[in-house]
Number of protein chains: 2
Amino acid sequence: MRRFAVVSRGTVGEVGILPIAVAGEIRPGDSLSERLLAAAKKQGIRFQARDILVVKHKVVSKAEGALVALAEIRPSAASRVWARRYGLDARVTELALRESRRVVRRKRGVLITETRHGFVCANSGVDVSNVDGGSHAVLLPQDPDRSASRLRTELKKRLRLEIAVIVSDSFGRPWREGLTEVAIGIAGMRPLVDYRGRRDSHGYALHASIDAIADELACAAGLVCGKLARTPACIIRGFSYRPGYGKATQMIRPAAYDLFR
Amino acid sequence: MRRFAVVSRGTVGEVGILPIAVAGEIRPGDSLSERLLAAAKKQGIRFQARDILVVKHKVVSKAEGALVALAEIRPSAASRVWARRYGLDARVTELALRESRRVVRRKRGVLITETRHGFVCANSGVDVSNVDGGSHAVLLPQDPDRSASRLRTELKKRLRLEIAVIVSDSFGRPWREGLTEVAIGIAGMRPLVDYRGRRDSHGYALHASIDAIADELACAAGLVCGKLARTPACIIRGFSYRPGYGKATQMIRPAAYDLFR
């Protein structure tokens, strides 16, 4: 079998997903780049140019201190009524509303909001799992693109390598069961590949063929970055992408083109 | 670096995505399993137990003859008006409506339907790219779960190996730009992993943590199964899944729980 290889554009080679297990908790103020490099080293993984590092947002949020003590949240009467009705934690509902700029759906105990960043997801991404047993909630990073960019800059400095970074979260979606990973922060690559105007192998011009490669990369990472395993990051190697400037917010469909507002 | 390996449950190892390039066109009546095995052999790829074969639906549809000559389609007046207004092919619009059981959104030239199978996607999955230059349209396989199951059975017979099979397509989604792959057919594995009731590493019980692993696998495959390259399939190796009976239709959210109908 061939090895993982960085392939030239036009050819398609093997892609590898290398999990990075991190021992111990990530705490506010921790250097995430240091922790990830130490963990990778311990596992015998050496970063290579063109690697894509995918990191679950939760460790980014923890390192950045985007945590809220639930004891300090005073839920509104409306949040208390809603939470009692569906057996939820009113403080989490309250926090989710605070972190939102629009309620998209609120039905049968499910609260879908548009976050301050523009992401549409359940509870504005507020999460109490994998934190500390339920006393704190983790918010989404304040600016996940900036988080990705900072991580990329730090890794570049330490490794002297150009890599790309994706910060991911698990979102639900309409019509389909189950969560899949999406890229909420990105640095060093474009999130979308546009095939419009190019021709397929039969000479037919491709329409409407913009691929959300950053989300596909996040999903691929989701295969090894498990909820129960302490594997908050991975390297995707061998995927041919065009390095460059990109932001995950470019993947948010503008309101004017959104058929589902 | 470690090799791709089938890992035991609980540990997380490397996952590899091995593209299978297929030379020449797939035609109605072709044996897809034969073609894929020949292509894999030519590239020096040997299937292993627990591999997951992901195949783009288009080659499945072609092999099954799910093709329609556009010249034979007589679009309705409504389809003609709609298509003229947005510079579309009225015959494709007509076909998309025929293949649908419900129009979900129809706005600004975009037609989102629920297909006969229950999938929500643009144009009922009817596609004229990568076919023969525009004279035929490819439909979704009539029963993609059955297609996956048939492919799995044939491969099992030839290889004497238990593998899983996913048939994928590229779908758009609300709120986010770009297409991502989804599993529309599956055999040999469950499409969803349910973490509800399990506890995270802090002892916190996980809620609402059903992962759509079949869709994440489809997205991972999308990284190598390109639109422009003749790579309609790949093997995903090293992903630890529980073999068993599953259908992609299990991922379709029942109407009663769908907040976005």
# chains A, B, ... in the order shown; residues from 1 in each chain; ligands from 1
call {"tool": "select_by_dssp", "arguments": {"residues": "region 40-145 of chain A", "states": "strand (DSSP E)", "output": "ChimeraX atom specification"}}
result
/A:52-56,67-69,100-107,110-115,120-122,136-138
call {"tool": "residues_around", "arguments": {"residues": "Glu181 (chain A)", "least_positions_apart": "3", "cutoff": "9 Å", "atoms": "only C-alpha atoms", "output": "count of residues only"}}
result
14
call {"tool": "residues_around", "arguments": {"residues": "region 31-48 of chain A", "least_positions_apart": "4", "cutoff": "8 Å", "atoms": "only C-alpha atoms", "output": "MDAnalysis selection string"}}
result
(chainID A and resid 20:23 26 59:60 63 151 154:155 159 161 163 233) or (chainID B and resid 1)
call {"tool": "atom_distance", "arguments": {"atom1": "CA of Arg105 (chain A)", "atom2": "CA of Phe260 (chain B)"}}
result
8.3 Å
call {"tool": "residues_around", "arguments": {"residues": "region 122-126 of chain A", "least_positions_apart": "2", "cutoff": "9 Å", "atoms": "only C-alpha atoms", "output": "mmCIF file with C-alpha atoms, in the first residue's frame"}}
result
data_model
loop_
_atom_site.group_PDB
_atom_site.id
_atom_site.type_symbol
_atom_site.label_atom_id
_atom_site.label_comp_id
_atom_site.auth_asym_id
_atom_site.auth_seq_id
_atom_site.Cartn_x
_atom_site.Cartn_y
_atom_site.Cartn_z
ATOM 1 C CA VAL A 92 -28.450 26.666 29.681
ATOM 2 C CA THR A 93 -31.531 27.924 27.827
ATOM 3 C CA LEU A 95 -27.253 31.310 28.115
ATOM 4 C CA ALA A 96 -28.219 30.016 24.665
ATOM 5 C CA LEU A 97 -30.589 32.955 24.211
ATOM 6 C CA ARG A 98 -27.943 35.411 25.395
ATOM 7 C CA GLU A 99 -25.455 34.013 22.890
ATOM 8 C CA SER A 100 -27.954 34.283 20.031
ATOM 9 C CA VAL A 110 -35.461 22.196 20.793
ATOM 10 C CA LEU A 111 -34.036 25.693 20.531
ATOM 11 C CA ILE A 112 -32.382 26.512 17.207
ATOM 12 C CA THR A 113 -30.722 29.895 17.137
ATOM 13 C CA GLU A 114 -28.481 32.022 14.999
ATOM 14 C CA THR A 115 -25.380 32.723 17.058
ATOM 15 C CA ARG A 116 -23.648 36.086 17.297
ATOM 16 C CA PHE A 119 -24.036 30.076 12.715
ATOM 17 C CA VAL A 120 -27.398 28.344 12.936
ATOM 18 C CA VAL A 128 -22.243 21.361 29.241
ATOM 19 C CA ALA A 137 -20.991 25.643 30.246
ATOM 20 C CA VAL A 138 -18.654 26.048 27.288
ATOM 21 C CA LEU A 139 -19.506 28.740 24.766
ATOM 22 C CA LEU A 140 -18.315 28.863 21.177
ATOM 23 C CA ASP A 169 -18.203 21.823 16.160
ATOM 24 C CA SER A 170 -21.000 19.244 15.830
ATOM 25 C CA PHE A 171 -24.214 20.697 14.430
ATOM 26 C CA GLY A 172 -27.597 19.137 13.775
#
